[in-house]
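model_17.cif follows (mmCIF, C-alpha atoms):
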```cif
data_query
#
loop_
_atom_site.label_atom_id
_atom_site.label_comp_id
_atom_site.auth_asym_id
_atom_site.auth_seq_id
_atom_site.Cartn_x
_atom_site.Cartn_y
_atom_site.Cartn_z
CA MET C 1 57.13 85.58 98.37
CA GLY C 2 54.78 85.30 95.38
CA PRO C 3 52.55 88.01 94.02
CA GLU C 4 49.61 89.01 96.19
CA ARG C 5 46.25 90.05 94.90
CA THR C 6 44.65 93.23 96.14
CA GLY C 7 40.92 93.81 96.12
CA SER C 8 39.02 95.68 94.35
CA GLY C 9 27.55 86.03 54.34
CA ARG C 10 27.76 85.09 52.14
CA ARG C 11 26.72 87.20 49.09
CA HIS C 12 22.95 87.19 48.94
CA ARG C 13 21.91 86.75 45.31
CA GLY C 14 18.21 86.39 45.89
CA ARG C 15 15.85 89.34 45.51
CA SER C 16 13.05 90.20 47.89
CA ARG C 17 9.81 91.52 46.45
CA ALA C 18 10.51 94.97 47.85
CA PRO C 19 14.03 96.43 47.84
CA ARG C 20 15.46 96.61 51.37
CA TRP C 21 18.75 97.28 53.14
CA ALA C 22 21.02 94.33 53.75
CA ARG C 23 22.84 94.34 57.05
CA VAL C 24 26.59 94.06 56.88
CA CYS C 25 28.16 93.13 60.21
CA THR C 26 31.87 93.89 60.35
CA MET C 27 34.15 92.80 63.16
CA LEU C 28 34.92 96.43 63.96
CA GLY C 29 36.35 97.32 67.39
CA ALA C 30 34.47 95.04 68.58
CA LEU C 31 31.33 94.97 66.48
CA LEU C 32 30.23 97.70 64.14
CA VAL C 33 27.03 97.07 62.25
CA LEU C 34 27.06 98.80 58.91
CA VAL C 35 24.09 99.00 56.61
CA SER C 36 23.85 99.01 52.87
CA GLY C 37 20.68 99.71 51.25
CA ALA C 38 17.30 100.46 50.01
CA GLY C 39 17.08 101.09 46.36
CA LEU C 40 19.94 103.56 46.25
CA VAL C 41 22.57 101.05 45.19
CA GLY C 42 22.53 97.32 44.62
CA PHE C 43 23.47 94.97 47.46
CA GLU C 44 26.15 93.25 45.39
CA ALA C 45 27.71 96.54 44.33
CA VAL C 46 27.90 97.85 47.90
CA LEU C 47 29.43 94.65 49.26
CA ALA C 48 32.00 94.48 46.45
CA ARG C 49 32.95 98.10 47.01
CA TYR C 50 33.27 97.65 50.77
CA GLU C 51 34.94 94.26 50.77
CA GLY C 52 37.62 95.57 48.44
CA ALA C 53 38.61 98.15 51.04
CA VAL C 54 39.10 95.61 53.83
CA GLN C 55 42.58 94.28 54.37
CA GLU C 56 42.91 90.54 54.87
CA ALA C 57 45.84 88.81 56.53
CA ASP C 58 46.80 85.43 57.96
CA LEU C 59 46.03 86.33 61.57
CA PHE C 60 46.09 82.78 62.93
CA GLY C 61 49.10 81.30 61.09
CA ASP C 62 46.89 78.94 59.08
CA GLU C 63 48.65 79.56 55.78
CA ALA C 64 52.13 79.01 57.17
CA ALA C 65 50.96 75.80 58.79
CA GLY C 66 49.37 74.60 55.56
CA ALA C 67 46.02 74.46 57.32
CA VAL C 68 43.89 76.85 55.31
CA PRO C 69 40.36 75.58 55.89
CA GLU C 70 38.21 74.74 52.92
CA LYS C 71 35.68 77.45 52.23
CA LYS C 72 32.15 76.37 53.12
CA SER C 73 28.85 77.68 51.92
CA ASP C 74 27.58 78.57 55.37
CA ILE C 75 28.72 79.50 58.85
CA LYS C 76 27.28 77.72 61.85
CA GLY C 77 27.27 78.76 65.49
CA PRO C 78 28.38 79.06 68.12
CA LEU C 79 31.18 81.42 67.05
CA ASN C 80 34.05 83.08 68.86
CA VAL C 81 35.61 86.18 67.32
CA LEU C 82 38.74 87.85 68.67
CA LEU C 83 38.80 91.65 68.27
CA VAL C 84 41.95 93.65 68.95
CA GLY C 85 42.37 97.41 68.92
CA ILE C 86 45.80 98.89 68.31
CA ASP C 87 47.13 102.43 68.36
CA PRO C 88 50.26 102.36 66.18
CA ARG C 89 52.58 105.36 66.42
CA THR C 90 54.92 104.62 63.50
CA PRO C 91 55.54 101.64 61.15
CA GLU C 92 58.61 100.81 63.28
CA TRP C 93 56.55 100.68 66.50
CA ALA C 94 55.82 97.14 67.76
CA PRO C 95 52.01 97.13 68.18
CA LEU C 96 50.55 96.77 71.67
CA ALA C 97 47.03 95.40 72.08
CA ASP C 98 45.31 98.37 73.70
CA SER C 99 41.86 96.79 73.60
CA ILE C 100 41.15 93.05 73.59
CA MET C 101 37.57 91.80 73.21
CA VAL C 102 35.93 88.48 72.44
CA LEU C 103 32.52 88.25 70.79
CA HIS C 104 30.82 84.94 71.60
CA VAL C 105 27.87 84.40 69.25
CA ASN C 106 25.32 81.80 70.30
CA GLU C 107 24.39 78.76 68.23
CA THR C 108 21.37 80.49 66.70
CA LEU C 109 23.58 83.40 65.50
CA ASP C 110 21.06 86.01 66.66
CA SER C 111 22.44 86.86 70.11
CA ALA C 112 25.92 87.30 71.52
CA TYR C 113 28.09 88.18 74.49
CA LEU C 114 30.91 90.70 74.30
CA PHE C 115 33.61 90.62 76.97
CA SER C 116 36.94 92.33 77.45
CA LEU C 117 40.28 91.10 78.72
CA PRO C 118 42.36 93.64 80.67
CA ARG C 119 45.48 94.73 78.80
CA ASP C 120 47.37 94.43 82.10
CA LEU C 121 46.18 90.86 82.80
CA LEU C 122 49.15 88.78 83.99
CA VAL C 123 49.43 85.76 81.72
CA GLU C 124 51.79 83.07 80.51
CA ILE C 125 52.72 84.03 76.97
CA PRO C 126 53.79 80.90 75.07
CA ALA C 127 57.05 80.62 73.15
CA PHE C 128 56.78 81.78 69.55
CA ALA C 129 59.54 80.68 67.18
CA LYS C 130 58.50 83.01 64.36
CA ALA C 131 59.54 85.98 66.48
CA ASP C 132 62.40 84.28 68.36
CA TYR C 133 60.40 84.72 71.56
CA ASN C 134 61.00 82.22 74.35
CA GLY C 135 57.83 82.88 76.32
CA GLY C 136 57.30 84.32 79.78
CA THR C 137 54.94 85.79 82.35
CA GLU C 138 53.92 89.28 81.31
CA LYS C 139 50.95 91.56 80.77
CA LEU C 140 48.59 90.39 78.06
CA ASN C 141 49.05 93.40 75.78
CA ALA C 142 52.75 92.53 75.43
CA ALA C 143 51.93 89.31 73.57
CA MET C 144 51.14 91.17 70.37
CA ALA C 145 54.32 93.22 70.55
CA HIS C 146 56.52 90.16 71.12
CA GLY C 147 54.81 88.20 68.36
CA SER C 148 55.08 91.06 65.87
CA LYS C 149 58.87 91.05 65.78
CA VAL C 150 60.23 89.80 62.47
CA PRO C 151 63.83 88.50 62.67
CA GLY C 152 66.25 90.16 60.31
CA GLY C 153 65.49 93.76 61.14
CA LYS C 154 62.28 93.97 59.12
CA LEU C 155 59.33 96.08 60.20
CA PRO C 156 57.06 94.50 62.84
CA SER C 157 54.04 92.55 61.60
CA ALA C 158 50.73 93.23 63.36
CA ALA C 159 49.25 90.11 61.77
CA GLN C 160 52.04 87.94 63.17
CA GLY C 161 51.62 89.60 66.56
CA PHE C 162 47.91 88.80 66.48
CA GLU C 163 48.76 85.12 66.08
CA LEU C 164 50.71 85.02 69.34
CA LEU C 165 48.05 87.09 71.11
CA SER C 166 45.32 84.69 69.95
CA ARG C 167 47.29 81.73 71.32
CA THR C 168 47.68 83.54 74.63
CA VAL C 169 43.99 84.45 74.84
CA SER C 170 43.13 80.82 74.06
CA GLN C 171 45.16 79.72 77.08
CA VAL C 172 43.42 82.26 79.32
CA THR C 173 39.85 81.58 78.18
CA GLY C 174 39.96 77.93 77.16
CA ILE C 175 38.61 78.88 73.72
CA GLU C 176 40.75 76.53 71.67
CA ARG C 177 39.98 78.02 68.27
CA PHE C 178 38.68 81.41 67.20
CA ASP C 179 36.42 81.38 64.15
CA ALA C 180 37.48 84.83 63.01
CA GLY C 181 39.63 87.72 64.09
CA ALA C 182 40.10 91.40 63.38
CA ILE C 183 42.62 94.11 64.09
CA ILE C 184 41.12 97.57 64.37
CA ASN C 185 43.24 100.69 64.11
CA PHE C 186 41.98 103.07 66.80
CA ASN C 187 42.65 106.08 64.61
CA GLY C 188 40.20 104.58 62.15
CA PHE C 189 37.44 104.81 64.76
CA GLN C 190 37.70 108.59 64.59
CA LYS C 191 37.22 108.54 60.81
CA ILE C 192 34.19 106.24 61.09
CA VAL C 193 32.49 108.38 63.72
CA ASP C 194 33.14 111.56 61.75
CA ALA C 195 31.80 109.90 58.59
CA MET C 196 28.59 109.10 60.50
CA GLY C 197 28.34 112.71 61.69
CA GLY C 198 29.21 111.83 65.28
CA VAL C 199 27.84 109.26 67.71
CA ASP C 200 25.19 109.55 70.43
CA MET C 201 25.96 107.71 73.64
CA TYR C 202 25.30 107.84 77.36
CA ILE C 203 28.27 108.81 79.53
CA ASP C 204 27.86 106.96 82.81
CA THR C 205 30.46 108.81 84.88
CA ASN C 206 32.28 112.13 84.74
CA VAL C 207 35.60 111.76 82.91
CA LYS C 208 38.54 114.13 82.49
CA SER C 209 40.86 113.57 79.54
CA GLU C 210 44.47 112.78 80.27
CA HIS C 211 45.50 113.57 76.70
CA ARG C 212 43.30 116.23 75.09
CA GLN C 213 42.41 119.87 75.59
CA PRO C 214 38.77 121.03 75.31
CA ASN C 215 39.45 122.07 71.70
CA GLY C 216 40.77 118.63 70.79
CA LYS C 217 44.44 119.55 70.63
CA MET C 218 46.93 117.41 72.52
CA ARG C 219 47.86 118.57 76.02
CA THR C 220 51.44 119.62 76.72
CA LEU C 221 53.85 117.06 78.14
CA LYS C 222 55.32 118.01 81.49
CA PRO C 223 59.01 118.91 81.35
CA GLY C 224 60.97 115.72 81.95
CA GLY C 225 57.92 113.56 81.34
CA GLY C 226 55.52 112.13 83.89
CA GLY C 227 52.21 113.22 82.43
CA TYR C 228 50.58 116.26 80.88
CA THR C 229 49.74 119.80 81.86
CA GLY C 230 47.14 122.35 80.80
CA PRO C 231 43.33 122.39 80.41
CA GLN C 232 41.54 119.05 79.98
CA ALA C 233 38.61 117.98 77.85
CA GLN C 234 35.77 116.80 80.07
CA TYR C 235 32.90 114.38 79.50
CA THR C 236 29.96 114.93 81.83
CA LYS C 237 27.56 112.22 82.95
CA GLY C 238 24.45 112.12 80.77
CA ASN C 239 23.48 111.88 77.11
CA ALA C 240 26.11 113.25 74.75
CA HIS C 241 26.83 113.66 71.04
CA LEU C 242 30.53 112.99 70.45
CA SER C 243 32.63 113.85 67.44
CA GLY C 244 35.30 111.42 66.24
CA TRP C 245 38.15 112.78 68.34
CA GLN C 246 35.93 113.04 71.42
CA ALA C 247 34.67 109.45 71.12
CA LEU C 248 38.18 108.09 70.65
CA ASP C 249 39.50 110.19 73.54
CA TYR C 250 36.66 109.15 75.86
CA VAL C 251 37.13 105.40 75.36
CA ARG C 252 40.89 105.71 75.93
CA GLN C 253 40.60 107.17 79.43
CA ARG C 254 41.32 105.11 82.53
CA TYR C 255 43.23 107.45 84.85
CA GLY C 256 41.09 109.04 87.53
CA LEU C 257 38.25 106.55 87.07
CA PRO C 258 37.06 104.66 90.16
CA ASN C 259 37.89 101.25 88.69
CA GLY C 260 40.61 102.25 86.24
CA ASP C 261 40.89 99.95 83.23
CA TYR C 262 37.71 98.06 84.15
CA ASP C 263 35.74 101.29 83.70
CA ARG C 264 37.51 101.88 80.39
CA GLN C 265 36.55 98.38 79.22
CA ARG C 266 32.91 99.16 80.01
CA HIS C 267 33.08 102.45 78.12
CA GLN C 268 34.61 100.72 75.09
CA GLN C 269 31.82 98.15 75.07
CA GLN C 270 29.20 100.90 75.36
CA PHE C 271 30.87 102.74 72.48
CA VAL C 272 30.68 99.65 70.27
CA ARG C 273 26.94 99.45 70.92
CA ALA C 274 26.51 103.17 70.23
CA MET C 275 28.43 102.91 66.94
CA ALA C 276 26.24 100.02 65.85
CA ASP C 277 23.08 101.94 66.66
CA GLN C 278 24.33 105.03 64.85
CA ALA C 279 25.27 103.02 61.74
CA LEU C 280 21.73 101.64 61.64
CA SER C 281 20.11 105.06 62.02
CA LYS C 282 18.08 106.60 59.19
CA ASP C 283 20.54 109.48 59.11
CA VAL C 284 23.16 107.06 57.77
CA VAL C 285 21.19 104.47 55.82
CA THR C 286 19.17 106.97 53.77
CA ASN C 287 22.19 109.10 52.84
CA PRO C 288 24.22 107.38 50.09
CA ILE C 289 27.15 109.81 50.38
CA LYS C 290 27.42 109.40 54.13
CA LEU C 291 26.97 105.62 53.85
CA ASP C 292 29.76 105.35 51.32
CA SER C 293 32.07 107.38 53.57
CA VAL C 294 31.26 105.14 56.54
CA LEU C 295 31.87 101.96 54.55
CA ARG C 296 35.20 103.23 53.23
CA ALA C 297 36.40 104.42 56.62
CA ALA C 298 35.46 101.06 58.15
CA GLY C 299 37.30 99.12 55.46
CA GLU C 300 40.45 101.20 55.80
CA SER C 301 40.48 100.64 59.58
CA LEU C 302 40.17 96.87 59.56
CA ILE C 303 42.36 93.81 59.03
CA PHE C 304 40.17 90.71 58.96
CA ASN C 305 40.56 86.94 58.82
CA GLY C 306 37.61 84.54 58.71
CA ARG C 307 39.56 81.29 58.50
CA GLY C 308 38.29 80.35 55.08
CA HIS C 309 35.29 82.67 55.01
CA ASP C 310 35.33 86.25 53.83
CA LEU C 311 33.72 89.23 55.49
CA VAL C 312 30.65 88.97 53.27
CA ASP C 313 30.05 85.40 54.48
CA PHE C 314 30.09 86.61 58.08
CA ALA C 315 27.90 89.59 57.22
CA PHE C 316 25.22 87.29 55.83
CA ALA C 317 25.54 84.73 58.65
CA LEU C 318 25.15 87.42 61.32
CA ARG C 319 22.37 89.33 59.58
CA GLY C 320 20.00 88.57 62.48
CA LEU C 321 22.31 90.05 65.11
CA ARG C 322 21.30 93.45 66.49
CA SER C 323 23.07 95.72 68.92
CA ASP C 324 20.37 95.16 71.55
CA SER C 325 20.91 91.39 71.34
CA ILE C 326 24.58 91.75 72.30
CA GLN C 327 25.04 91.45 76.07
CA MET C 328 28.10 93.21 77.47
CA ILE C 329 29.95 91.21 80.12
CA LYS C 330 32.18 92.55 82.90
CA LEU C 331 34.68 90.06 84.30
CA PRO C 332 35.80 91.21 87.76
CA GLY C 333 39.43 91.23 88.76
CA GLY C 334 41.95 93.03 90.91
CA GLY C 335 45.50 94.25 91.05
CA VAL C 336 48.49 92.00 91.76
CA THR C 337 51.38 93.38 93.78
CA GLN C 338 54.78 92.03 94.73
CA GLY C 339 56.84 93.79 97.35
CA GLY C 340 54.37 96.66 97.21
CA ASP C 341 54.87 97.14 93.46
CA TYR C 342 52.00 96.77 91.02
CA GLN C 343 52.54 93.83 88.65
CA GLY C 344 49.30 93.65 86.72
CA GLU C 345 45.76 92.28 86.95
CA ARG C 346 44.24 88.91 87.81
CA PHE C 347 40.68 87.70 87.27
CA GLN C 348 38.44 86.62 90.10
CA PRO C 349 37.43 82.91 90.01
CA ILE C 350 34.03 83.65 88.47
CA ALA C 351 35.80 84.55 85.21
CA ASP C 352 37.03 80.95 84.88
CA GLU C 353 33.47 79.77 85.52
CA PHE C 354 32.24 82.04 82.73
CA PHE C 355 34.88 80.67 80.34
CA ALA C 356 33.88 77.12 81.28
CA ALA C 357 30.24 77.96 80.50
CA ILE C 358 31.24 79.18 77.04
CA LYS C 359 33.04 75.90 76.39
CA ALA C 360 30.12 73.85 77.70
CA GLY C 361 27.52 75.82 75.74
CA THR C 362 25.71 76.91 78.91
CA VAL C 363 26.59 80.61 78.93
CA ASP C 364 22.94 81.75 78.71
CA SER C 365 21.94 80.03 81.92
CA PHE C 366 25.21 81.00 83.60
CA VAL C 367 24.61 84.71 82.95
CA ILE C 368 20.99 84.42 84.11
CA ASN C 369 22.28 82.98 87.39
CA ASN C 370 25.02 85.63 87.64
CA PRO C 371 23.34 88.90 86.56
CA GLU C 372 26.04 90.96 88.24
CA LEU C 373 28.26 90.15 85.24
CA LEU C 374 26.12 92.25 82.89
CA ASN C 375 27.38 95.68 81.93
CA LYS C 376 24.60 98.15 81.28
CA ALA C 377 24.56 100.34 78.18
CA LYS C 378 22.97 103.05 80.35
#
```
Show me, as structure tokens, the structure contained in the file I just sent.
Amino acid sequence: MGPERTGSGRRHRGRSRAPRWARVCTMLGALLVLVSGAGLVGFEAVLARYEGAVQEADLFGDEAAGAVPEKKSDIKGPLNVLLVGIDPRTPEWAPLADSIMVLHVNETLDSAYLFSLPRDLLVEIPAFAKADYNGGTEKLNAAMAHGSKVPGGKLPSAAQGFELLSRTVSQVTGIERFDAGAIINFNGFQKIVDAMGGVDMYIDTNVKSEHRQPNGKMRTLKPGGGGYTGPQAQYTKGNAHLSGWQALDYVRQRYGLPNGDYDRQRHQQQFVRAMADQALSKDVVTNPIKLDSVLRAAGESLIFNGRGHDLVDFAFALRGLRSDSIQMIKLPGGGVTQGGDYQGERFQPIADEFFAAIKAGTVDSFVINNPELLNKAK
């Protein structure tokens, strides 16, 4: 018997008459808007300093295929950007995709939709010769781990793993080609938030930490495994100011939440919005020391590929995008069981309709007609 489903820029060389901050949009955990700015340092100098910190890699296999696109002078919409968060333990650890988001930017490049794919989504992962992987039906987050394996006993390659994950996500969503991609190291999020002096966000449900004590130290593993013991950090519903370790801990939690990983996806999307707002705050943009720390932390946390365009090109192209013009989308799904055992997650049919609307260029009207898909920031 088959599985059953259970409910549930380009460098800007012109000069304005009055000095002003230029907005630098990085593909950070999903989307982190960083600001450089007003009379304290030159735009070119800031971008050069920041761009030099960002790692670039062949995330889509273009170079190996001899298909490196010719660099163009502009970027046109619509755009689809694949954002993947990883939490590497050691260099020998095959990376799992702990957070998988897609940013769909509309044709005008001034509004966007951000949606998540469950890490436990059951998918067909295609064969991948580079990693000697024959393909199979598994959870989505395994695609990156399988693809990262380098024959010959070498260390796993996160960039190579991203390539297989992107192919898998393309099959799920029908998005044939991503215009850019980024790998974000979760530990880097903590450094970015701390560099900003913390982040203000609304906590929409009470959450207890599975991993951390109230003082931020790791909880003690139970003897023999099977979870943790000891006091737990808690996040209470309402407005909160979170330090780096608290923000990272909060967006990792799924156990004990009413909707498990779907609630975690919503919290991660809310966190991305909160980070963008904080980066644009006067507290950051008018403080050159803090700004420099934020830019450096962001660069060290990011591996980027723009398929022929660099991060500066995308920063300039998306200069009109604001955090409040990014709609957060929740795609409903439910658990799949076989013989009473949990196998993973499966989307409800409306998710396929949403993906079809992206392909057809009708996502605006589709969301208007299906407002229940919108995640609220508060």
**Report entry** Counting all atoms listed in the file, the option among C:Thr205, C:Ser99, C:Thr168, C:Ser148 closest to Asp132 of chain C
**Finding:**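 Of all the options, C:Ser148 lies closest to Asp132 of chain C.
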Could you tell me which residues the PyMOL selection byres ((chain C and resi 101-117) around 9) grabs in this file, written as a compact mmCIF listing (two decimals) with C-alpha atoms, in the frame of the given file?
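Output (out.txt):
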```txt
# COMPACT_ATOMS: atom_id res chain seq x y z
CA GLY C 29 36.35 97.32 67.39
CA ALA C 30 34.47 95.04 68.58
CA LEU C 31 31.33 94.97 66.48
CA LYS C 76 27.28 77.72 61.85
CA GLY C 77 27.27 78.76 65.49
CA PRO C 78 28.38 79.06 68.12
CA LEU C 79 31.18 81.42 67.05
CA ASN C 80 34.05 83.08 68.86
CA VAL C 81 35.61 86.18 67.32
CA LEU C 82 38.74 87.85 68.67
CA LEU C 83 38.80 91.65 68.27
CA VAL C 84 41.95 93.65 68.95
CA GLY C 85 42.37 97.41 68.92
CA SER C 99 41.86 96.79 73.60
CA ILE C 100 41.15 93.05 73.59
CA PRO C 118 42.36 93.64 80.67
CA ARG C 119 45.48 94.73 78.80
CA ASP C 120 47.37 94.43 82.10
CA LEU C 121 46.18 90.86 82.80
CA LEU C 140 48.59 90.39 78.06
CA VAL C 169 43.99 84.45 74.84
CA TYR C 262 37.71 98.06 84.15
CA GLN C 265 36.55 98.38 79.22
CA ARG C 266 32.91 99.16 80.01
CA GLN C 269 31.82 98.15 75.07
CA ALA C 317 25.54 84.73 58.65
CA LEU C 318 25.15 87.42 61.32
CA ARG C 319 22.37 89.33 59.58
CA GLY C 320 20.00 88.57 62.48
CA LEU C 321 22.31 90.05 65.11
CA ARG C 322 21.30 93.45 66.49
CA SER C 323 23.07 95.72 68.92
CA ASP C 324 20.37 95.16 71.55
CA SER C 325 20.91 91.39 71.34
CA ILE C 326 24.58 91.75 72.30
CA GLN C 327 25.04 91.45 76.07
CA MET C 328 28.10 93.21 77.47
CA ILE C 329 29.95 91.21 80.12
CA LYS C 330 32.18 92.55 82.90
CA LEU C 331 34.68 90.06 84.30
CA ILE C 358 31.24 79.18 77.04
CA GLY C 361 27.52 75.82 75.74
CA VAL C 363 26.59 80.61 78.93
CA ASP C 364 22.94 81.75 78.71
```
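If you look at atom CA of Phe304 of chain C and atom CA of Lys376 of chain C, they are 28.2 Å away from each other.
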Report task. In Å, rounded to a single decimal, give me how far atom CA of Arg252 of chain C is from atom CA of Gly227 of chain C. Result -> 15.1 Å
Report task. In Å, rounded to a single decimal, give me how far atom CA of Arg307 of chain C is from atom CA of Phe355 of chain C. Result ->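 For atom CA of Phe355 of chain C relative to atom CA of Arg307 of chain C, the distance reads 22.3 Å.
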Requested in this report: Can you work out which one of C:Thr90, C:Asn215, C:Asn375, C:Gln171 has the shortest atom-to-atom distance to Pro126 of chain C, counting only C-alpha atoms?
Outcome: C:Gln171
**Report entry** From C:Ala180, C:Ala297, C:Ile175, C:Ile289, residue lying nearest His309 of chain C [only C-alpha atoms]
**Finding:**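 Between C:Ala180, C:Ala297, C:Ile175, C:Ile289, the residue approaching His309 of chain C most closely is C:Ala180.
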Query raised in the report: Within 9 Å of Ala142 of chain C, counting all atoms listed in the file, which residues qualify if same-chain residues fewer than 4 places away don't, as a PyMOL selection string?
Result: chain C and resi 95-97+119-120+125+138+146-147+165
Requested in this report: Using the chain letters and residue numbers of this document, give as a list in words the residues selected by the PyMOL selection byres ((chain C and resi 267) around 9).
Outcome: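 The output of the PyMOL selection byres ((chain C and resi 267) around 9) on this file is Ile203, Asp204, Tyr250, Val251, Arg252, Gln253, Tyr262, Asp263, Arg264, Gln265, Arg266, Gln268, Gln269, Gln270, Phe271, Val272 and Ala377 of chain C.
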Centre and edge lengths, as JSON, for the axis-aligned box enclosing every listed atom of segment 119-124 of chain C with 5 Å of padding on each of the six sides, in Å to one decimal?
```
{"center_x": 48.6, "center_y": 88.9, "center_z": 81.4, "size_x": 16.3, "size_y": 21.7, "size_z": 15.2}
```
Take the PyMOL selection byres ((chain C and resi 228) around 12), apply it to the structure above, and return the hits as a PDB file with C-alpha atoms, in the frame of the given file.
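Full text of out.pdb as output:
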```
ATOM      1  CA  SER C 209      40.860 113.570  79.540  1.00  0.00           C
ATOM      2  CA  GLU C 210      44.470 112.780  80.270  1.00  0.00           C
ATOM      3  CA  HIS C 211      45.500 113.570  76.700  1.00  0.00           C
ATOM      4  CA  ARG C 212      43.300 116.230  75.090  1.00  0.00           C
ATOM      5  CA  GLN C 213      42.410 119.870  75.590  1.00  0.00           C
ATOM      6  CA  MET C 218      46.930 117.410  72.520  1.00  0.00           C
ATOM      7  CA  ARG C 219      47.860 118.570  76.020  1.00  0.00           C
ATOM      8  CA  THR C 220      51.440 119.620  76.720  1.00  0.00           C
ATOM      9  CA  LEU C 221      53.850 117.060  78.140  1.00  0.00           C
ATOM     10  CA  LYS C 222      55.320 118.010  81.490  1.00  0.00           C
ATOM     11  CA  PRO C 223      59.010 118.910  81.350  1.00  0.00           C
ATOM     12  CA  GLY C 224      60.970 115.720  81.950  1.00  0.00           C
ATOM     13  CA  GLY C 225      57.920 113.560  81.340  1.00  0.00           C
ATOM     14  CA  GLY C 226      55.520 112.130  83.890  1.00  0.00           C
ATOM     15  CA  GLY C 227      52.210 113.220  82.430  1.00  0.00           C
ATOM     16  CA  THR C 229      49.740 119.800  81.860  1.00  0.00           C
ATOM     17  CA  GLY C 230      47.140 122.350  80.800  1.00  0.00           C
ATOM     18  CA  PRO C 231      43.330 122.390  80.410  1.00  0.00           C
ATOM     19  CA  GLN C 232      41.540 119.050  79.980  1.00  0.00           C
TER      20      GLN C 232
END
```
Query raised in the report: Which one of C:Ile350, C:Val199, C:Ala357, C:Ala159 sits closest to Leu242 of chain C if you count only C-alpha atoms?
Result: C:Val199
Query - Which of C:Phe347, C:Glu353, C:Leu155, C:Pro332 sits closest to Leu373 of chain C [using all atoms listed in the file] - result: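 Distance minimum relative to Leu373 of chain C lands on C:Pro332.
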**Report entry** Radius query 8 Å about (53.1, 80.2, 80.2), atoms used: all atoms listed in the file, as JSON, numbers by chain
**Finding:** {"C": [123, 124, 125, 126, 135, 136, 137]}
**Report entry** Selected residue of minimal separation from Gly334 of chain C among C:Gln278, C:Ser293, C:Asp261, C:Arg273, counting all atoms listed in the file
**Finding:**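 Looking at the shortest contact to Gly334 of chain C, the residue is C:Asp261.
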Query raised in the report: So which residues touch Asn206 of chain C within 7 Å, counting only C-alpha atoms, skipping near sequence neighbours fewer than 6 positions away, as a PyMOL selection string?
Result: chain C and resi 235-237
